[in-house]
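Reproduced below: entry.cif, with mmCIF, C-alpha atoms.
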data_work
loop_
_atom_site.label_atom_id
_atom_site.label_comp_id
_atom_site.auth_asym_id
_atom_site.auth_seq_id
_atom_site.Cartn_x
_atom_site.Cartn_y
_atom_site.Cartn_z
CA MET A 1 0.00 0.00 0.00
CA ILE A 2 1.24 3.49 -0.93
CA GLY A 3 0.10 6.62 0.88
CA TYR A 4 -0.22 10.08 -0.58
CA LEU A 5 -0.63 13.54 0.91
CA GLY A 6 -4.00 15.16 0.39
CA PHE A 7 -7.39 14.27 -0.94
CA GLU A 8 -8.72 11.93 -3.59
CA LYS A 9 -8.70 13.51 -7.09
CA SER A 10 -5.90 15.89 -6.09
CA PHE A 11 -2.75 16.31 -8.19
CA THR A 12 -0.77 14.31 -5.63
CA ASN A 13 -3.31 11.51 -6.10
CA LEU A 14 -2.79 11.80 -9.86
CA ALA A 15 1.01 11.66 -9.44
CA ALA A 16 0.71 8.51 -7.33
CA MET A 17 -1.59 6.95 -9.95
CA THR A 18 1.22 7.28 -12.50
CA PHE A 19 2.66 4.06 -11.06
CA TYR A 20 -0.06 2.63 -8.81
CA SER A 21 -3.76 1.81 -9.13
CA ASN A 22 -6.24 3.46 -6.79
CA ASP A 23 -6.69 0.14 -4.99
CA GLU A 24 -3.02 0.37 -3.95
CA LEU A 25 -3.31 3.96 -2.66
CA ARG A 26 -4.43 5.48 0.62
CA SER A 27 -5.09 9.18 1.28
CA TYR A 28 -3.61 10.94 4.33
CA LYS A 29 -4.59 14.47 5.32
CA ASN A 30 -1.26 15.52 6.84
CA ILE A 31 2.41 14.68 6.68
CA HIS A 32 2.63 13.50 10.28
CA HIS A 33 0.10 10.71 9.66
CA LEU A 34 2.11 9.64 6.62
CA LEU A 35 5.33 9.50 8.64
CA THR A 36 3.70 7.42 11.36
CA ALA A 37 2.15 5.03 8.83
CA LEU A 38 5.52 4.42 7.15
CA ARG A 39 7.37 3.96 10.44
CA GLN A 40 4.75 1.43 11.57
CA HIS A 41 4.85 -0.44 8.23
CA LYS A 42 1.21 0.35 7.46
CA ILE A 43 2.33 1.57 4.04
CA ASP A 44 5.35 0.76 1.87
CA GLY A 45 5.97 4.38 0.93
CA PHE A 46 4.21 7.67 0.25
CA VAL A 47 4.00 10.37 -2.41
CA VAL A 48 4.38 14.07 -1.55
CA PRO A 49 5.03 17.28 -3.54
CA MET A 50 8.75 18.07 -3.64
CA ASN A 51 8.14 21.69 -2.63
CA TYR A 52 5.94 20.85 0.35
CA TYR A 53 6.98 22.62 3.55
CA LEU A 54 6.55 21.51 7.14
CA ASP A 55 6.37 23.74 10.23
CA GLY A 56 5.90 26.95 8.27
CA THR A 57 8.85 27.40 5.91
CA THR A 58 11.59 25.94 8.07
CA LYS A 59 11.50 22.24 7.23
CA THR A 60 11.32 20.82 3.73
CA ILE A 61 10.74 17.36 2.32
CA LEU A 62 14.53 16.87 2.10
CA ASP A 63 14.81 17.68 5.81
CA MET A 64 12.06 15.17 6.55
CA VAL A 65 13.86 12.44 4.58
CA PHE A 66 17.12 13.27 6.35
CA ASP A 67 15.63 13.42 9.86
CA ASN A 68 13.70 10.16 9.54
CA GLU A 69 16.34 8.02 7.81
CA PHE A 70 14.05 7.62 4.79
CA HIS A 71 15.02 7.60 1.10
CA ILE A 72 13.72 9.08 -2.15
CA ALA A 73 12.78 6.15 -4.37
CA ARG A 74 11.19 7.89 -7.35
CA GLU A 75 10.63 11.30 -8.92
CA ILE A 76 7.28 11.99 -10.58
CA VAL A 77 6.74 15.10 -12.74
CA THR A 78 3.30 16.41 -13.77
CA SER A 79 1.84 19.51 -15.40
CA ASN A 80 -0.98 20.75 -13.19
CA GLN A 81 -3.80 22.24 -15.28
CA TYR A 82 -7.10 23.43 -13.81
CA ARG A 83 -10.60 24.11 -15.12
CA LEU A 84 -13.29 26.43 -13.77
CA VAL A 85 -16.74 24.83 -13.68
CA SER A 86 -20.20 25.98 -12.60
CA LYS A 87 -23.89 25.14 -12.83
CA ASN A 88 -24.21 28.52 -14.54
CA PRO A 89 -22.97 28.80 -18.16
CA LYS A 90 -22.42 32.58 -17.89
CA MET A 91 -18.99 33.67 -16.65
CA SER A 92 -20.25 37.20 -15.96
CA ASP A 93 -22.59 35.90 -13.22
CA ILE A 94 -19.81 34.34 -11.12
CA ARG A 95 -19.11 36.12 -7.82
CA ARG A 96 -17.64 33.31 -5.68
CA ILE A 97 -15.06 30.64 -6.50
CA ILE A 98 -14.27 27.53 -4.46
CA GLY A 99 -10.78 26.02 -4.70
CA SER A 100 -7.63 25.00 -2.88
CA LYS A 101 -4.92 27.51 -1.95
CA GLU A 102 -2.65 25.99 -4.60
CA SER A 103 -5.31 26.29 -7.31
CA PHE A 104 -5.81 30.00 -6.60
CA ILE A 105 -2.05 30.64 -6.71
CA CYS A 106 -1.78 28.92 -10.10
CA THR A 107 -4.81 30.63 -11.69
CA GLU A 108 -4.98 34.10 -10.12
CA LEU A 109 -3.98 36.06 -13.24
CA SER A 110 -6.33 34.13 -15.51
CA LEU A 111 -9.25 34.56 -13.12
CA GLN A 112 -8.63 38.29 -12.73
CA GLN A 113 -8.63 38.73 -16.52
CA GLU A 114 -12.10 37.17 -16.68
CA LEU A 115 -13.57 38.36 -13.38
CA LYS A 116 -12.66 41.66 -11.76
CA ASN A 117 -14.27 40.93 -8.40
CA TYR A 118 -14.84 37.54 -6.84
CA LYS A 119 -14.62 35.98 -3.39
CA GLU A 120 -12.27 33.07 -2.78
CA ILE A 121 -13.63 30.15 -0.73
CA ILE A 122 -10.85 27.78 0.35
CA GLU A 123 -11.54 24.04 0.19
CA ALA A 124 -8.65 21.59 -0.14
CA SER A 125 -10.71 18.70 -1.52
CA PRO A 126 -11.97 19.13 -5.12
CA LEU A 127 -14.60 16.44 -4.52
CA LYS A 128 -16.03 18.36 -1.56
CA ALA A 129 -15.89 21.59 -3.56
CA LEU A 130 -18.09 20.04 -6.26
CA GLN A 131 -20.49 18.78 -3.60
CA TYR A 132 -20.80 22.32 -2.24
CA LEU A 133 -21.46 23.58 -5.76
CA GLU A 134 -24.58 21.41 -6.04
CA LYS A 135 -26.11 23.12 -3.00
CA MET A 136 -25.06 26.72 -3.67
CA GLU A 137 -26.43 29.58 -5.78
CA ASP A 138 -25.68 30.08 -9.48
CA ASP A 139 -23.04 32.75 -8.78
CA VAL A 140 -20.57 30.07 -7.59
CA ALA A 141 -17.85 28.30 -9.60
CA VAL A 142 -15.25 25.70 -8.64
CA LEU A 143 -11.59 25.24 -9.58
CA VAL A 144 -10.87 21.54 -10.13
CA PRO A 145 -7.95 19.60 -11.64
CA LYS A 146 -8.39 19.25 -15.40
CA PHE A 147 -8.15 15.45 -15.28
CA MET A 148 -11.10 15.25 -12.89
CA LEU A 149 -14.52 14.38 -14.32
CA SER A 150 -16.71 17.24 -13.15
CA GLY A 151 -20.19 15.81 -13.71
CA ASP A 152 -23.17 17.78 -15.02
CA VAL A 153 -21.60 21.25 -14.99
CA HIS A 154 -20.47 23.89 -17.48
CA VAL A 155 -16.76 24.41 -18.15
CA LEU A 156 -16.19 28.18 -18.02
CA LEU A 157 -12.39 28.08 -18.37
CA ASP A 158 -10.17 25.19 -19.36
CA ASP A 159 -6.41 24.44 -19.26
CA ILE A 160 -5.75 27.16 -16.67
CA ASN A 161 -2.27 27.56 -15.21
CA ASP A 162 -0.58 30.96 -15.17
CA ILE A 163 2.84 29.29 -15.22
CA GLN A 164 2.35 27.03 -18.23
CA LYS A 165 5.94 25.84 -18.44
CA LYS A 166 6.23 25.02 -14.77
CA LYS A 167 6.21 21.33 -13.92
CA THR A 168 5.45 20.05 -10.44
CA LYS A 169 7.72 17.39 -8.96
CA TYR A 170 6.66 14.74 -6.50
CA TYR A 171 8.76 12.23 -4.57
CA LEU A 172 7.97 8.66 -3.61
CA ILE A 173 9.48 8.23 -0.13
CA GLN A 174 10.42 4.80 1.24
CA LYS A 175 12.37 3.44 4.20
CA THR A 176 15.00 1.55 2.23
CA LEU A 177 17.45 2.64 -0.45
CA GLU A 178 16.85 0.51 -3.56
CA VAL A 179 19.00 1.33 -6.59
CA GLN A 180 18.27 0.08 -10.11
CA ARG A 181 20.68 0.32 -13.06
CA TYR A 182 18.39 2.79 -14.91
CA HIS A 183 18.39 5.30 -12.03
CA ASN A 184 20.04 8.52 -13.24
CA LYS A 185 19.77 11.09 -10.44
CA THR A 186 21.10 11.15 -6.88
CA ILE A 187 20.63 13.41 -3.85
CA ILE A 188 23.07 13.46 -0.93
CA VAL A 189 23.39 15.55 2.21
CA CYS A 190 26.78 16.31 3.75
CA ALA A 191 28.51 18.56 6.25
CA PRO A 192 32.04 19.95 5.67
CA ARG A 193 34.69 18.59 8.00
CA ILE A 194 36.09 22.09 8.57
CA ASP A 195 33.79 25.13 8.61
CA SER A 196 35.70 27.61 6.45
CA SER A 197 35.14 29.91 3.47
CA GLY A 198 36.44 27.27 1.03
CA SER A 199 34.64 24.24 2.46
CA LEU A 200 31.87 24.13 -0.16
CA TYR A 201 34.36 24.67 -2.99
CA ASP A 202 36.40 21.74 -1.69
CA ILE A 203 33.33 19.52 -1.99
CA LEU A 204 32.20 20.84 -5.38
CA HIS A 205 35.70 20.37 -6.80
CA GLU A 206 35.15 16.59 -6.72
CA PHE A 207 32.10 16.98 -8.98
CA ALA A 208 33.86 19.32 -11.39
CA ILE A 209 36.93 17.16 -12.02
CA ARG A 210 34.67 14.20 -12.87
CA ASN A 211 32.31 16.25 -15.05
CA ILE A 212 29.32 15.36 -12.86
CA ASN A 213 26.46 17.78 -13.42
CA LEU A 214 25.04 19.36 -10.28
CA SER A 215 21.38 20.28 -10.81
CA LYS A 216 20.64 21.72 -7.37
CA ILE A 217 22.46 22.93 -4.26
CA GLU A 218 20.76 23.89 -0.99
CA SER A 219 22.37 24.82 2.30
CA LYS A 220 21.02 25.22 5.80
CA VAL A 221 22.24 25.32 9.37
CA ASP A 222 21.91 22.00 11.17
CA ALA A 223 19.62 22.61 14.13
CA THR A 224 21.16 19.71 16.07
CA THR A 225 24.61 21.29 16.12
CA GLN A 226 26.02 24.71 16.85
CA GLY A 227 26.03 26.35 13.44
CA THR A 228 27.26 23.47 11.29
CA PHE A 229 26.15 23.82 7.66
CA LEU A 230 24.46 21.00 5.79
CA PHE A 231 24.58 20.89 2.00
CA TYR A 232 21.91 19.13 -0.04
CA LEU A 233 23.40 18.23 -3.44
CA GLU A 234 21.35 16.89 -6.35
CA PHE A 235 23.32 15.59 -9.32
CA ASP A 236 23.11 13.44 -12.45
CA GLY A 237 24.21 9.84 -12.16
CA ASN A 238 23.69 6.52 -10.41
CA ILE A 239 25.49 5.84 -7.11
CA GLU A 240 26.64 2.47 -8.46
CA GLU A 241 28.57 4.04 -11.37
CA ASN A 242 32.33 3.77 -10.83
CA HIS A 243 33.17 7.47 -11.05
CA ILE A 244 30.40 8.35 -8.58
CA VAL A 245 31.42 5.56 -6.19
CA LYS A 246 34.97 6.97 -6.19
CA MET A 247 33.73 10.53 -5.68
CA ILE A 248 31.57 9.57 -2.71
CA ASP A 249 34.50 7.65 -1.19
CA ILE A 250 36.60 10.83 -1.32
CA LEU A 251 33.76 12.98 0.00
CA GLN A 252 33.56 10.66 3.00
CA TYR A 253 37.06 11.91 3.96
CA LYS A 254 36.31 15.54 3.14
CA THR A 255 33.10 15.71 5.17
CA SER A 256 32.15 15.07 8.77
CA TYR A 257 28.85 13.56 7.67
CA LEU A 258 27.47 12.22 4.38
CA LYS A 259 24.24 10.41 3.62
CA ILE A 260 22.63 9.31 0.36
CA LEU A 261 19.01 10.50 0.45
CA GLY A 262 18.07 8.79 -2.78
CA SER A 263 19.14 7.49 -6.17
CA PHE A 264 16.24 7.34 -8.61
CA PHE A 265 15.04 7.82 -12.18
CA SER A 266 14.41 11.35 -13.41
CA LYS A 267 12.83 11.96 -16.81
CA LYS A 268 14.93 14.48 -18.74
#
As C-alpha cells, what does this structure read like?
Amino acid sequence: MIGYLGFEKSFTNLAAMTFYSNDELRSYKNIHHLLTALRQHKIDGFVVPMNYYLDGTTKTILDMVFDNEFHIAREIVTSNQYRLVSKNPKMSDIRRIIGSKESFICTELSLQQELKNYKEIIEASPLKALQYLEKMEDDVAVLVPKFMLSGDVHVLLDDINDIQKKKTKYYLIQKTLEVQRYHNKTIIVCAPRIDSSGSLYDILHEFAIRNINLSKIESKVDATTQGTFLFYLEFDGNIEENHIVKMIDILQYKTSYLKILGSFFSKK
C-alpha cells in the first residue's frame, strides 16, 4: 500500500496513480500521519510534492527524509492544469469561487482577466468543492484539476495555469534505499569537516573534475549542532557508477557527515 498527501482527485493523487492503481493507494490528510504510517509499516511508501513545507517554511521534504532516515525512491513530474466549472454557463454571473490555496495561486492572473471581483472560498478537496457547488447559488464556480470528471456542470475556463511551463515534482518516499541500473539522479546531504570559506568549494571540486552535473544545491544550518552547515546536493548519475562511487568515497574523507538521500530515475 502506498500513501499520498491530500485528498482523492488531487494532483498528488494523480502523481501517485502514474505508477499505482487506486486500490493500492491510501489518502492521508497531513504529513505527520504519513510519517507514522511508514514507520509502523502500514504503508510501503508515500507520495508528496517536492516543494511541500513543514512547520511553516523551516523544514522541507529533504529535511524530513534526512531526519527520519528515509530515502527518495522515485521522482514523478506532472503539469498541473485546472478548469473552472459551474452550474451557470455565464462567466459574468460568477461572484464566488471555491478552490484550494494551490489552485488560486496557479490561476490568479487568468481569473482576474475574466472576473474583476470575486470571493475566494478555500476548500482543499476538489470532490467536496463540487459537492458544495450542487447546494449553492448560481453565482458560484469551482476550480478543479483538469483530469477530474466534473459531472453535469459547465466548463467556463479550461487548461488554466498561469505558469504554463512550470512542472510540479513529487517524490515517492520509502524506508530503504533501492537502486536500479536505470536510475540517473542522486541526492546526498553532507557537512564539511572544517567550517571555512572554502569548504563548499572543496566539496564541489570533486564533482567538477569528474564532469558530474550538479542540478541543485541547498544549504542550511543543522539545528542539532552549533552552526554546522548541511549541503543538499542533487546531481546526475547513479550511485553504483564507478566514477560516482569513487567521488563519494573521497567525499567521506572531506566531510564530517554524508548520507545518500536517494538514487532514482528522473525523466529528462
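Evaluated against the shown file, the PyMOL selection byres ((chain A and resi 173-180) around 9) gives Leu38, Arg39, Asp44, Gly45, Phe46, Val47, Val48, Val65, Asn68, Glu69, Phe70, His71, Ile72, Ala73, Arg74, Tyr171, Leu172, Arg181, Tyr182, His183, Asn238, Ile239, Glu240, Ile260, Leu261, Gly262, Ser263, Phe264 and Phe265 of chain A.
Between Lys146 of chain A and the candidates A:Tyr118, A:Phe11, A:Tyr253, A:Tyr132, the tightest atom-to-atom separation, counting only C-alpha atoms, involves A:Phe11.
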- Task: Find, counting all atoms listed in the file, the residue in A:Val85, A:Ile2, A:Ile76, A:Leu111 that gets nearest to Glu134 of chain A.
- Result: A:Val85
- Of A:Glu114, A:Asp162, A:Glu24, A:Glu102, the one nearest to Pro145 of chain A when counting all atoms listed in the file is A:Glu102
- Item | Residues near Lys216 of chain A, cut-off 7 Å, only C-alpha atoms, skip fewer than 4 positions along chain, as a ChimeraX atom specification | /A:233-235
I need the residues from that last selection saved to file as a PDB file, keeping the file's coordinate frame (with C-alpha atoms), if you can.
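Listed below is the output, result.pdb:
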ATOM      1  CA  LEU A 233      23.400  18.230  -3.440  1.00  0.00           C
ATOM      2  CA  GLU A 234      21.350  16.890  -6.350  1.00  0.00           C
ATOM      3  CA  PHE A 235      23.320  15.590  -9.320  1.00  0.00           C
TER       4      PHE A 235
END
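The residue set within 10 Å of Ile31 of chain A, counting all atoms listed in the file and dropping same-chain residues fewer than 2 places from it, reads Tyr4, Leu5, Gly6, Tyr28, Lys29, His33, Leu34, Leu35, Thr36, Ala37, Phe46, Val48, Tyr52, Tyr53, Leu54, Ile61 and Met64 of chain A.
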Pull C-alpha atoms from the residues just selected and write them as a short mmCIF file (atom, residue, chain, number, x, y, z; two decimals), in the frame of the given file.
data_model
loop_
_atom_site.label_atom_id
_atom_site.label_comp_id
_atom_site.auth_asym_id
_atom_site.auth_seq_id
_atom_site.Cartn_x
_atom_site.Cartn_y
_atom_site.Cartn_z
CA TYR A 4 -0.22 10.08 -0.58
CA LEU A 5 -0.63 13.54 0.91
CA GLY A 6 -4.00 15.16 0.39
CA TYR A 28 -3.61 10.94 4.33
CA LYS A 29 -4.59 14.47 5.32
CA HIS A 33 0.10 10.71 9.66
CA LEU A 34 2.11 9.64 6.62
CA LEU A 35 5.33 9.50 8.64
CA THR A 36 3.70 7.42 11.36
CA ALA A 37 2.15 5.03 8.83
CA PHE A 46 4.21 7.67 0.25
CA VAL A 48 4.38 14.07 -1.55
CA TYR A 52 5.94 20.85 0.35
CA TYR A 53 6.98 22.62 3.55
CA LEU A 54 6.55 21.51 7.14
CA ILE A 61 10.74 17.36 2.32
CA MET A 64 12.06 15.17 6.55
#
